[in-house]
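Colleague: Next up is a structure, given as structure tokens.
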Amino acid sequence: MKIISRNLLLFALLLFAYTLLFRYGLGQLLTAEKWGWVAIISVLYGGIIFITAWMTGRRDGRENFLFDAGFRWNMTTFVVWGIASEAWFLLGLHSAYESIRVVHITLLIWSGFLLLHFILFLILRRRTIRGVHKTDIFE
Amino acid sequence: MKERDEMREELLNAWEETYKKGQLTLWIFLALKEGPKYVNELQETIERFSNGTIRAEEQSLYRTLRKFYHLKMVDYSSGKGHKGPDRKYYHLTSLGQSLLESFIERNILLFFEEPLKELLLN
């Protein structure tokens, strides 16, 4: 039973790659002022993250019986997205239309939801024994 | 009559399917109470004990044993494998033994007492 499992690491790695690709595409499309495409790649980016998280999370549930109410995936998305986005701006790879303030505001709002998710996890953790959900022990 | 028999068989299968869910723990514990076993041996014992009515998938057993090990209900020691790598011989810990005893006392032994015994045998 691992907190940082193989599936979580795979998800983090893929998310990092998606975020860099998305940031690159976003910068190019904003510079070219193709607003419709900006919306399309944003939806695609969100969709592919959701699908990857769902697939790796599902596989992790089968291999690793640690109950976390999805918090590890949310936390990983927050950290990886934050690092990739911050690095993108620090390296000066952003377009003239982008502002680091948007990243900071997003992280601030997200941290509030992350905290709520953590509280929910702590509440649900009462239904576990040594990190395994009681209904999963004798399934 | 044929229709009734077919329905009875269908209902019996549905009942057994539901009944068998959650039974794996009891069979694993009983097999390990007999003595330490590696996974394939455990699989064979469960099949033998249950007259072939319970068939546990190897992967399912590995997963369950890993979970029980984490919860300190079973432990293992390494032993020589047959022409291969060392095997993990699983056994019940004192927690596992005590848990099995309590479970049997609360849920199984009542079937051996009147009036249930009488109802089951007649």
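Ligands are numbered from 1 in the order shown, residues from 1 within each chain, and chains are lettered A, B, ... in the order they appear in the structure tokens.
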Taking only C-alpha atoms into account, which residues of chain A are within 9 Å of chain B, as a count of residues only?
Modeller: 11
Colleague: Which residues are close to Leu120 in chain B, i.e. within 12 Å by only C-alpha atoms, leaving aside same-chain residues fewer than 5 positions away? Reply as a compact mmCIF listing (two decimals) with N, CA and C atoms, in the first residue's frame.
Modeller:
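Generated file (out16.txt):
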```txt
# COMPACT_ATOMS: atom_id res chain seq x y z
N LEU B 110 -23.95 -21.16 15.73
CA LEU B 110 -25.40 -21.17 15.97
C LEU B 110 -26.12 -22.18 15.07
N PHE B 111 -25.50 -22.52 13.95
CA PHE B 111 -26.10 -23.51 13.04
C PHE B 111 -26.01 -24.94 13.61
N PHE B 112 -25.15 -25.09 14.63
CA PHE B 112 -24.98 -26.42 15.23
C PHE B 112 -25.80 -26.57 16.51
N GLU B 113 -26.58 -25.54 16.78
CA GLU B 113 -27.39 -25.58 18.01
C GLU B 113 -28.87 -25.68 17.64
N GLU B 114 -29.67 -26.25 18.56
CA GLU B 114 -31.12 -26.31 18.33
C GLU B 114 -31.72 -24.93 18.45
N PRO B 115 -32.72 -24.52 17.72
CA PRO B 115 -33.48 -25.35 16.78
C PRO B 115 -32.91 -25.36 15.34
```
